[in-house]
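Undergrad: So that you have it, the file is run-v1.tsv, and it contains TSV, C-alpha atoms:
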```tsv
chain	number	residue	atom	x	y	z
T	221	MET	CA	-26.05	101.05	61.02
T	222	THR	CA	-28.90	98.58	60.97
T	223	SER	CA	-30.15	99.60	64.40
T	224	ILE	CA	-32.71	102.37	64.62
T	225	GLY	CA	-30.49	103.93	67.23
T	226	GLY	CA	-27.48	103.72	64.95
T	227	PRO	CA	-25.89	106.56	63.01
T	228	GLU	CA	-27.94	106.13	59.81
T	229	MET	CA	-31.62	105.79	58.97
T	230	VAL	CA	-31.07	103.50	55.99
T	231	ASP	CA	-29.28	100.17	56.06
T	232	TRP	CA	-27.40	100.75	52.81
T	233	ASN	CA	-25.75	97.34	52.86
T	234	LEU	CA	-29.13	95.67	53.13
T	235	ALA	CA	-30.40	97.82	50.25
T	236	VAL	CA	-27.58	96.48	48.06
T	237	ALA	CA	-28.16	92.90	49.20
T	238	THR	CA	-31.91	93.12	48.60
T	239	ALA	CA	-31.57	94.66	45.16
T	240	THR	CA	-28.92	92.15	44.14
T	241	ARG	CA	-31.11	89.26	45.26
T	242	LEU	CA	-34.21	90.56	43.44
T	243	VAL	CA	-32.59	91.90	40.27
T	244	ARG	CA	-33.83	90.25	37.10
T	245	PRO	CA	-31.33	88.10	35.23
T	246	GLY	CA	-29.95	89.67	32.09
T	247	PRO	CA	-30.23	88.25	28.58
T	248	GLU	CA	-28.62	84.91	27.89
T	249	VAL	CA	-25.14	85.33	26.46
T	250	SER	CA	-22.13	83.07	26.33
T	251	ARG	CA	-18.99	83.94	28.24
T	252	ASP	CA	-17.20	84.81	25.01
T	253	GLU	CA	-20.07	87.00	23.83
T	254	ALA	CA	-20.17	88.82	27.16
T	255	ARG	CA	-16.46	89.56	26.95
T	256	ALA	CA	-16.89	90.81	23.38
T	257	VAL	CA	-19.74	93.14	24.41
T	258	VAL	CA	-17.70	94.60	27.26
T	259	ALA	CA	-14.67	95.13	25.03
T	260	GLU	CA	-16.77	96.78	22.32
T	261	LEU	CA	-18.49	99.13	24.77
T	262	ARG	CA	-15.09	100.22	26.04
T	263	ARG	CA	-13.88	100.88	22.48
T	264	HIS	CA	-17.02	102.82	21.62
T	265	ALA	CA	-16.75	104.89	24.79
T	266	LYS	CA	-13.22	105.87	23.84
T	267	ALA	CA	-14.13	106.63	20.22
T	268	SER	CA	-17.12	108.69	21.35
T	269	GLU	CA	-14.86	111.22	23.05
T	270	GLU	CA	-13.50	112.52	19.74
T	271	HIS	CA	-16.89	112.36	18.01
T	272	VAL	CA	-18.67	114.30	20.75
T	273	ARG	CA	-15.98	116.92	21.29
T	274	GLY	CA	-15.72	117.56	17.56
T	275	PHE	CA	-19.48	117.97	17.13
T	276	THR	CA	-20.14	120.04	20.25
T	277	ARG	CA	-16.89	122.07	20.03
T	278	LEU	CA	-16.42	121.50	23.74
T	279	GLY	CA	-13.06	120.46	25.11
T	280	ALA	CA	-12.02	119.49	28.61
T	281	ASP	CA	-10.41	122.36	30.53
T	282	GLU	CA	-8.43	119.89	32.62
T	283	ALA	CA	-7.19	116.36	32.29
T	284	ASP	CA	-10.18	114.04	32.14
T	285	ASP	CA	-9.55	111.21	34.58
T	286	THR	CA	-13.16	109.99	34.57
T	287	PRO	CA	-13.12	106.18	34.41
T	288	VAL	CA	-15.42	104.21	32.11
T	289	LEU	CA	-16.89	101.22	33.90
T	290	VAL	CA	-18.83	98.50	32.09
T	291	VAL	CA	-21.01	96.92	34.77
T	292	ASP	CA	-23.77	94.37	35.24
T	293	ARG	CA	-27.03	95.13	37.03
T	294	PRO	CA	-25.71	94.44	40.56
T	295	GLY	CA	-22.73	96.66	39.75
T	296	TRP	CA	-25.09	99.47	38.78
T	297	VAL	CA	-26.92	99.01	42.09
T	298	ARG	CA	-23.72	99.25	44.13
T	299	ALA	CA	-22.62	102.36	42.29
T	300	ASN	CA	-25.94	104.12	42.79
T	301	VAL	CA	-26.22	103.22	46.46
T	302	ALA	CA	-22.81	104.82	46.97
T	303	GLY	CA	-24.00	107.93	45.14
T	304	PHE	CA	-27.32	108.12	47.00
T	305	ARG	CA	-25.57	107.70	50.31
T	306	GLU	CA	-23.29	110.63	49.51
T	307	ILE	CA	-25.81	113.08	48.12
T	308	LEU	CA	-28.65	112.29	50.56
T	309	LYS	CA	-26.57	112.39	53.73
T	310	PRO	CA	-27.62	115.97	54.72
T	311	LEU	CA	-31.31	115.10	54.30
T	312	LEU	CA	-31.09	111.83	56.21
T	313	ASP	CA	-29.13	113.47	59.02
T	314	LYS	CA	-31.84	116.11	59.29
T	315	MET	CA	-34.60	113.50	59.30
T	316	GLN	CA	-32.81	111.51	61.96
T	317	GLN	CA	-32.58	114.56	64.21
T	318	ARG	CA	-36.30	115.15	63.83
T	319	ARG	CA	-37.59	111.63	64.20
T	320	GLY	CA	-37.34	111.55	67.98
T	321	SER	CA	-39.45	114.69	68.35
T	322	THR	CA	-42.18	113.92	65.80
T	323	PRO	CA	-45.40	111.96	66.37
T	324	GLY	CA	-44.15	109.35	63.93
T	325	GLY	CA	-40.87	108.93	65.71
T	326	ALA	CA	-41.94	105.93	67.75
T	327	VAL	CA	-43.34	104.17	64.70
T	328	LEU	CA	-40.19	105.00	62.77
T	329	GLY	CA	-38.22	103.44	65.59
T	330	ALA	CA	-40.14	100.21	65.09
T	331	VAL	CA	-39.69	100.28	61.34
T	332	GLY	CA	-35.97	100.84	61.50
T	333	GLY	CA	-33.22	101.16	58.98
T	334	LYS	CA	-33.53	97.53	57.93
T	335	VAL	CA	-37.03	97.95	56.53
T	336	THR	CA	-36.06	101.13	54.75
T	337	GLY	CA	-33.04	99.36	53.29
T	338	VAL	CA	-35.24	96.54	51.98
T	339	GLU	CA	-37.70	98.97	50.41
T	340	LEU	CA	-34.92	100.94	48.74
T	341	GLY	CA	-33.44	97.67	47.49
T	342	VAL	CA	-36.75	96.69	45.89
T	343	LEU	CA	-36.87	99.98	43.98
T	344	LEU	CA	-33.24	99.72	42.87
T	345	SER	CA	-33.82	96.20	41.57
T	346	PHE	CA	-36.65	97.59	39.43
T	347	LEU	CA	-34.53	100.43	38.06
T	348	SER	CA	-31.41	98.34	37.49
T	349	SER	CA	-32.86	96.61	34.44
T	350	ARG	CA	-33.89	99.87	32.76
T	351	VAL	CA	-30.73	102.00	32.67
T	352	LEU	CA	-28.46	101.69	29.62
T	353	GLY	CA	-25.78	104.06	30.82
T	354	GLN	CA	-25.19	106.78	33.35
T	355	TYR	CA	-22.68	109.50	34.10
T	356	GLU	CA	-22.38	109.67	37.89
T	357	THR	CA	-21.56	113.27	38.65
T	358	PHE	CA	-21.15	112.94	42.43
T	359	ALA	CA	-19.75	109.44	42.59
T	360	PRO	CA	-17.52	108.72	45.60
T	361	ALA	CA	-14.61	106.43	44.81
T	362	THR	CA	-14.70	102.94	46.30
T	363	ARG	CA	-12.38	99.98	46.00
T	364	GLU	CA	-14.67	98.32	43.46
T	365	LEU	CA	-15.85	101.49	41.74
T	366	PRO	CA	-13.15	104.08	41.05
T	367	ALA	CA	-13.99	107.69	40.28
T	368	GLY	CA	-12.11	110.66	38.91
T	369	GLU	CA	-9.41	112.00	41.22
T	370	ASN	CA	-10.00	115.62	40.18
T	371	GLY	CA	-13.53	115.71	41.52
T	372	GLY	CA	-14.96	113.99	38.47
T	373	GLY	CA	-17.41	111.15	38.53
T	374	ARG	CA	-17.53	107.97	36.52
T	375	LEU	CA	-19.26	106.78	33.37
T	376	LEU	CA	-21.26	103.56	33.73
T	377	LEU	CA	-22.40	101.38	30.84
T	378	VAL	CA	-24.79	98.58	31.86
T	379	ALA	CA	-23.88	95.81	29.43
T	380	PRO	CA	-26.83	93.39	29.96
T	381	ASN	CA	-29.36	96.20	29.51
T	382	VAL	CA	-27.71	97.37	26.29
T	383	VAL	CA	-27.85	93.83	24.90
T	384	HIS	CA	-31.45	93.39	26.06
T	385	VAL	CA	-32.68	96.56	24.35
T	386	GLU	CA	-30.76	96.03	21.10
T	387	ARG	CA	-32.36	92.58	20.85
T	388	GLU	CA	-35.79	93.90	21.76
T	389	LEU	CA	-35.58	96.61	19.09
T	390	ASP	CA	-33.98	94.25	16.57
T	391	VAL	CA	-31.34	96.80	15.57
T	392	GLU	CA	-27.72	96.43	14.48
T	393	PRO	CA	-25.84	95.74	17.75
T	394	HIS	CA	-22.60	97.54	16.92
T	395	ASP	CA	-24.45	100.67	15.82
T	396	PHE	CA	-26.72	100.65	18.88
T	397	ARG	CA	-23.82	100.29	21.30
T	398	LEU	CA	-22.00	103.25	19.77
T	399	TRP	CA	-25.22	105.28	19.78
T	400	VAL	CA	-25.66	104.67	23.52
T	401	CYS	CA	-22.03	105.59	24.19
T	402	LEU	CA	-22.43	108.87	22.31
T	403	HIS	CA	-25.23	109.89	24.70
T	404	GLU	CA	-23.29	109.04	27.84
T	405	GLU	CA	-20.05	110.54	26.55
T	406	THR	CA	-21.93	113.79	25.95
T	407	HIS	CA	-22.75	113.92	29.65
T	408	ARG	CA	-19.12	113.34	30.56
T	409	THR	CA	-18.07	116.09	28.14
T	410	GLN	CA	-20.60	118.50	29.63
T	411	PHE	CA	-19.07	118.21	33.08
T	412	THR	CA	-15.40	117.99	32.09
T	413	ALA	CA	-15.62	120.91	29.66
T	414	VAL	CA	-17.62	123.15	32.01
T	415	PRO	CA	-15.73	123.16	35.33
T	416	TRP	CA	-18.33	125.14	37.28
T	417	LEU	CA	-21.26	122.93	36.31
T	418	ARG	CA	-20.69	120.18	38.86
T	419	ASP	CA	-20.34	122.58	41.80
T	420	HIS	CA	-23.37	124.55	40.65
T	421	LEU	CA	-25.53	121.46	40.41
T	422	GLN	CA	-24.32	120.15	43.76
T	423	SER	CA	-25.06	123.51	45.38
T	424	GLU	CA	-28.60	123.50	44.01
T	425	ILE	CA	-29.22	119.94	45.19
T	426	GLN	CA	-27.88	120.64	48.67
T	427	SER	CA	-30.01	123.79	48.87
T	428	PHE	CA	-33.03	121.71	47.91
T	429	LEU	CA	-32.27	119.13	50.60
T	430	ALA	CA	-31.55	121.81	53.22
T	431	GLU	CA	-35.02	123.27	52.66
T	432	THR	CA	-36.70	119.92	53.21
T	433	ASP	CA	-39.24	120.02	56.00
T	434	VAL	CA	-40.76	116.57	55.91
T	435	ASP	CA	-42.01	114.03	58.38
T	436	PRO	CA	-39.68	111.00	58.14
T	437	MET	CA	-42.67	108.66	58.27
T	438	THR	CA	-44.10	110.29	55.14
T	439	VAL	CA	-41.02	109.45	53.12
T	440	LEU	CA	-41.07	105.89	54.41
T	441	GLU	CA	-44.73	105.57	53.45
T	442	ARG	CA	-43.97	106.66	49.88
T	443	LEU	CA	-41.10	104.17	49.68
T	444	ARG	CA	-43.44	101.50	50.96
T	445	ASP	CA	-46.09	102.40	48.38
T	446	ALA	CA	-43.58	101.95	45.59
T	447	ALA	CA	-42.17	98.73	47.00
T	448	GLN	CA	-45.62	97.23	47.59
T	449	ALA	CA	-46.67	98.12	44.06
T	450	LEU	CA	-43.72	96.16	42.73
T	451	VAL	CA	-44.51	93.05	44.73
T	452	GLY	CA	-48.28	93.30	44.28
T	453	GLY	CA	-49.00	94.63	47.75
T	454	ARG	CA	-51.30	97.44	46.60
T	455	PRO	CA	-54.85	96.30	45.87
T	456	GLU	CA	-56.02	96.67	42.29
T	457	GLY	CA	-57.54	100.09	41.68
T	458	GLU	CA	-56.24	101.61	44.91
T	459	GLU	CA	-54.67	104.92	43.97
T	460	GLY	CA	-54.38	106.76	47.28
T	461	ASP	CA	-51.79	109.53	46.96
T	462	SER	CA	-49.85	107.76	44.22
T	463	GLY	CA	-50.41	110.65	41.83
T	464	ARG	CA	-47.58	112.50	43.58
T	465	SER	CA	-43.96	111.62	43.11
T	466	LEU	CA	-41.42	111.36	45.90
T	467	VAL	CA	-39.87	114.63	44.73
T	468	GLU	CA	-43.18	116.46	44.70
T	469	LEU	CA	-43.99	115.21	48.18
T	470	VAL	CA	-41.08	116.95	49.89
T	471	GLN	CA	-41.46	120.33	48.22
T	472	THR	CA	-41.73	123.54	50.20
T	473	PRO	CA	-42.26	126.89	48.43
T	474	ALA	CA	-38.52	127.53	48.48
T	475	GLN	CA	-37.88	124.07	47.10
T	476	ARG	CA	-40.25	124.65	44.21
T	477	GLU	CA	-38.05	127.49	43.03
T	478	ILE	CA	-34.92	125.36	43.31
T	479	LEU	CA	-36.62	122.42	41.64
T	480	GLY	CA	-37.62	124.63	38.73
T	481	ARG	CA	-33.98	125.55	38.17
T	482	LEU	CA	-32.87	121.93	38.55
T	483	THR	CA	-35.51	120.77	36.09
T	484	ALA	CA	-34.29	123.30	33.53
T	485	VAL	CA	-30.66	122.20	33.93
T	486	MET	CA	-31.51	118.51	33.69
T	487	SER	CA	-33.67	119.14	30.63
T	488	LEU	CA	-30.75	120.97	29.03
T	489	LEU	CA	-28.26	118.18	29.82
T	490	GLU	CA	-30.51	115.34	28.69
T	491	GLY	CA	-31.77	117.16	25.61
T	492	HIS	CA	-28.23	118.14	24.61
T	493	ALA	CA	-27.13	114.50	24.87
T	494	ASP	CA	-30.03	113.35	22.69
T	495	TYR	CA	-29.29	116.08	20.15
T	496	VAL	CA	-25.61	115.19	20.01
T	497	MET	CA	-26.13	111.43	19.68
T	498	ASP	CA	-28.40	112.03	16.69
T	499	GLY	CA	-26.21	114.77	15.24
T	500	VAL	CA	-23.07	112.66	15.33
T	501	GLY	CA	-24.98	109.56	14.34
T	502	PRO	CA	-25.28	109.89	10.54
T	503	ASP	CA	-21.50	110.04	10.15
T	504	VAL	CA	-20.58	107.13	12.42
T	505	VAL	CA	-23.78	105.12	13.03
T	506	PRO	CA	-25.16	103.99	9.65
T	507	SER	CA	-28.52	102.84	11.03
T	508	VAL	CA	-29.08	105.81	13.35
T	509	ALA	CA	-32.43	106.73	11.77
T	510	GLU	CA	-33.83	103.25	12.35
T	511	ILE	CA	-32.46	103.14	15.90
T	512	ARG	CA	-33.96	106.51	16.81
T	513	GLU	CA	-37.35	105.65	15.35
T	514	LYS	CA	-37.59	102.33	17.16
T	515	PHE	CA	-36.23	103.78	20.40
T	516	GLN	CA	-38.76	106.63	20.33
T	517	GLN	CA	-41.56	104.14	19.72
T	518	ARG	CA	-40.35	102.15	22.70
T	519	ARG	CA	-40.41	105.26	24.90
T	520	ALA	CA	-43.83	106.37	23.66
T	521	LYS	CA	-45.40	102.93	23.97
T	522	GLY	CA	-44.67	102.93	27.65
T	523	ALA	CA	-45.31	99.77	29.60
T	524	SER	CA	-47.80	98.18	31.93
T	525	ARG	CA	-50.05	100.09	34.28
T	526	LEU	CA	-47.72	99.12	37.12
T	527	ASP	CA	-44.67	100.41	35.29
T	528	LEU	CA	-46.39	103.70	34.49
T	529	ALA	CA	-47.52	104.15	38.11
T	530	LEU	CA	-43.98	103.56	39.36
T	531	ARG	CA	-42.58	106.00	36.84
T	532	LYS	CA	-44.94	108.63	38.18
T	533	LEU	CA	-44.14	107.86	41.81
T	534	LEU	CA	-40.39	107.96	41.25
T	535	GLY	CA	-40.50	110.98	38.97
T	536	LEU	CA	-39.32	108.98	35.93
T	537	ASP	CA	-42.10	110.40	33.77
T	538	ALA	CA	-40.55	113.82	34.34
T	539	LYS	CA	-37.22	112.47	33.10
T	540	LEU	CA	-38.82	111.35	29.85
T	541	ARG	CA	-40.24	114.85	29.36
T	542	GLN	CA	-36.76	116.27	29.99
T	543	TYR	CA	-35.37	114.35	27.02
T	544	ARG	CA	-38.11	115.66	24.75
T	545	ASP	CA	-38.29	119.26	25.94
T	546	GLY	CA	-34.54	119.66	26.26
T	547	GLU	CA	-33.83	118.29	22.79
T	548	ARG	CA	-36.35	120.70	21.28
T	549	PHE	CA	-34.68	123.60	23.10
T	550	VAL	CA	-31.18	122.67	21.90
T	551	ARG	CA	-32.32	122.11	18.32
T	552	ALA	CA	-34.20	125.41	18.17
T	553	VAL	CA	-31.27	127.40	19.60
T	554	VAL	CA	-28.68	125.78	17.32
T	555	ASP	CA	-30.92	126.42	14.31
T	556	GLU	CA	-31.15	130.08	15.34
T	557	VAL	CA	-27.61	130.96	16.45
T	558	GLY	CA	-25.43	127.96	15.52
T	559	MET	CA	-23.43	125.65	17.76
T	560	ASP	CA	-21.05	128.36	18.97
T	561	GLY	CA	-24.05	130.53	19.82
T	562	PHE	CA	-25.67	127.67	21.70
T	563	ASN	CA	-22.46	127.05	23.64
T	564	ARG	CA	-22.89	130.37	25.37
T	565	VAL	CA	-25.25	128.39	27.59
T	566	TRP	CA	-22.13	127.03	29.32
T	567	THR	CA	-20.69	130.48	30.15
T	568	SER	CA	-22.01	130.72	33.72
T	569	PRO	CA	-25.03	129.80	35.83
T	570	ASN	CA	-26.61	133.05	34.62
T	571	THR	CA	-26.66	131.84	31.02
T	572	LEU	CA	-28.36	128.54	31.81
T	573	PRO	CA	-31.96	128.47	30.53
T	574	THR	CA	-34.82	128.86	32.95
T	575	LYS	CA	-37.64	126.36	33.03
T	576	ALA	CA	-39.78	128.81	31.05
T	577	GLU	CA	-37.04	129.30	28.48
T	578	ILE	CA	-36.75	125.55	27.93
T	579	ALA	CA	-40.32	125.75	26.65
T	580	LYS	CA	-39.64	128.99	24.73
T	581	PRO	CA	-36.10	128.84	23.31
T	582	ALA	CA	-36.52	132.21	21.55
T	583	ASP	CA	-36.73	133.86	24.96
T	584	TRP	CA	-33.32	132.46	25.91
T	585	VAL	CA	-31.84	133.64	22.61
T	586	THR	CA	-33.25	137.12	23.21
T	587	ARG	CA	-31.94	137.26	26.78
T	588	VAL	CA	-28.45	135.92	26.10
T	589	HIS	CA	-27.73	137.06	22.55
T	590	ARG	CA	-29.77	140.18	22.00
T	591	ARG	CA	-29.37	142.21	25.15
T	592	PRO	CA	-29.12	145.92	24.38
T	593	GLU	CA	-25.68	147.46	24.70
T	594	PRO	CA	-25.07	149.42	27.93
T	595	GLY	CA	-26.51	152.92	27.58
T	596	THR	CA	-28.91	151.87	24.81
T	597	PRO	CA	-32.45	153.01	25.55
```
Take the structure in this file and express it as structure tokens.
TA:
Amino acid sequence: MTSIGGPEMVDWNLAVATATRLVRPGPEVSRDEARAVVAELRRHAKASEEHVRGFTRLGADEADDTPVLVVDRPGWVRANVAGFREILKPLLDKMQQRRGSTPGGAVLGAVGGKVTGVELGVLLSFLSSRVLGQYETFAPATRELPAGENGGGRLLLVAPNVVHVERELDVEPHDFRLWVCLHEETHRTQFTAVPWLRDHLQSEIQSFLAETDVDPMTVLERLRDAAQALVGGRPEGEEGDSGRSLVELVQTPAQREILGRLTAVMSLLEGHADYVMDGVGPDVVPSVAEIREKFQQRRAKGASRLDLALRKLLGLDAKLRQYRDGERFVRAVVDEVGMDGFNRVWTSPNTLPTKAEIAKPADWVTRVHRRPEPGTP
């Protein structure tokens, strides 16, 4: 695997090892406190199921066997490498087939899977300290990281990051932990209550990857830009092509159409989770208003110039917009047609909002709720 002539372009094991070595240590906690945090996150995850299903009026159509895993930062890295390896396999296979026939093929041969693994590990170490929780939709089961047997994924809660942020915001820890669990449980509910959603999303992603027509060296260069930025390898003031994210780089015209649909779906999912966590909050999280205000300030404040540049490169700035735009869409639709009316969004892929409708919720309401009856002029 680590040889450039081997079956894979990325040394995934080296990516895990690099990220684990570079990952920042979490907040200082005693062994007893760590155990208490883990136990409480598990309890909140379980309690969130009833809260979310009652508020959203969505119920699982089949037995939900999705495991809840409370992990540390290295555990998050291992889980995401397994997911990346699964979902990116078609793209990497295609790139590997091309590399021998492209002008960059010889250089790529010198770079090898080891370098790519190191660069990916650097990026994962950066991200591992920023994620509070995650529902892994396409998670393959491993010995260390189980996943749902019925095609479901797994719900990850990153304990050290939760503790770090609750301390940084100076909010009530028990309330904050439940608030985070409500968001992640909403994602699990979305996929367990809407059986077609996972297959639809996977089909869109695979279509996007199948349309990729990219020079392998170009992708490696973008990975290197990001990795060098993290370790100070990019000279101050040197921008180059850093205004473009990795996702934007590999777009073809066909991909732009697919990406527009994916963006709309992700905005819906993220915005719905934000709406639910705040909607449920007043009844079960006494300090929800304070938590939301401080958390929004933290998002808006951003971070250093380096952090902002990396967010742009990795497409993380787009994810922040998805939370905002998607939540506005959900709120506007629920205000107009109620929760049951909003839930028509889960009927089929045809009732999902378009990217334009995310920005103009009234257009979705008109299309889905106010279509003229057949035969009406």
Undergrad: Taking 3 positions as the minimum chain separation for residues in the same chain, which residues sit within 9 Å of Val383 (chain T) when counting all atoms listed in the file? Answer as a short mmCIF file (atom, residue, chain, number, x, y, z; two decimals) with C-alpha atoms, in the frame of the given file.
TA:
```
data_model
loop_
_atom_site.label_atom_id
_atom_site.label_comp_id
_atom_site.auth_asym_id
_atom_site.auth_seq_id
_atom_site.Cartn_x
_atom_site.Cartn_y
_atom_site.Cartn_z
CA GLY T 246 -29.95 89.67 32.09
CA PRO T 247 -30.23 88.25 28.58
CA VAL T 257 -19.74 93.14 24.41
CA VAL T 378 -24.79 98.58 31.86
CA ALA T 379 -23.88 95.81 29.43
CA PRO T 380 -26.83 93.39 29.96
CA GLU T 386 -30.76 96.03 21.10
CA ARG T 387 -32.36 92.58 20.85
CA GLU T 388 -35.79 93.90 21.76
CA PRO T 393 -25.84 95.74 17.75
CA ARG T 397 -23.82 100.29 21.30
#
```
Undergrad: Of the candidates T:Leu376, T:Met486, T:Gly499, T:Val243, which one gets nearest to Ser345 (chain T) if we count all atoms listed in the file?
TA: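 Going through T:Leu376, T:Met486, T:Gly499, T:Val243 one by one, the smallest distance to Ser345 (chain T) is for T:Val243.
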Undergrad: Of the candidates T:Val335, T:Val272, T:Ala265, T:Ala413, which one gets nearest to Gly353 (chain T) if we count only C-alpha atoms?
TA: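 Nearest candidate to Gly353 (chain T) out of T:Val335, T:Val272, T:Ala265, T:Ala413: T:Ala265.
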Undergrad: Pick from T:His394, T:Leu488, T:Leu482, T:Trp399: nearest to Phe515 (chain T), with only C-alpha atoms counted?
TA: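 The closest residue to Phe515 (chain T) is T:Trp399.
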Undergrad: Which residue is closest to Phe358 (chain T)? Choose from T:Asp419, T:Glu404, T:Asp560, T:Glu339 and count all atoms listed in the file.
TA: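 Answer, going by the shortest atom-to-atom distance: T:Asp419.
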Undergrad: Could you tell me, as a PyMOL selection string, which residues have any atom at most 10 Å from (-20.1, 114.1, 38.8), counting all atoms listed in the file?
TA: chain T and resi 286+303+355-360+367-368+371-375+407-408+411-412+417-419+421-422
Undergrad: Just how far from CA of Glu510 (chain T) is CA of Asp390 (chain T), in Å to one decimal?
TA: 9.9 Å
Undergrad: Which residues, written as a PDB file with C-alpha atoms, in the frame of the given file, have at least one atom at most 10 Å from Thr567 (chain T), with only C-alpha atoms counted and residues fewer than 3 positions away on the same chain left out?
TA:
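As a result, part-v1.pdb now contains:
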```pdb
ATOM      1  CA  VAL T 414     -17.620 123.150  32.010  1.00  0.00           C
ATOM      2  CA  TRP T 416     -18.330 125.140  37.280  1.00  0.00           C
ATOM      3  CA  LEU T 417     -21.260 122.930  36.310  1.00  0.00           C
ATOM      4  CA  ASN T 563     -22.460 127.050  23.640  1.00  0.00           C
ATOM      5  CA  ARG T 564     -22.890 130.370  25.370  1.00  0.00           C
ATOM      6  CA  ASN T 570     -26.610 133.050  34.620  1.00  0.00           C
ATOM      7  CA  THR T 571     -26.660 131.840  31.020  1.00  0.00           C
ATOM      8  CA  LEU T 572     -28.360 128.540  31.810  1.00  0.00           C
TER       9      LEU T 572
END
```
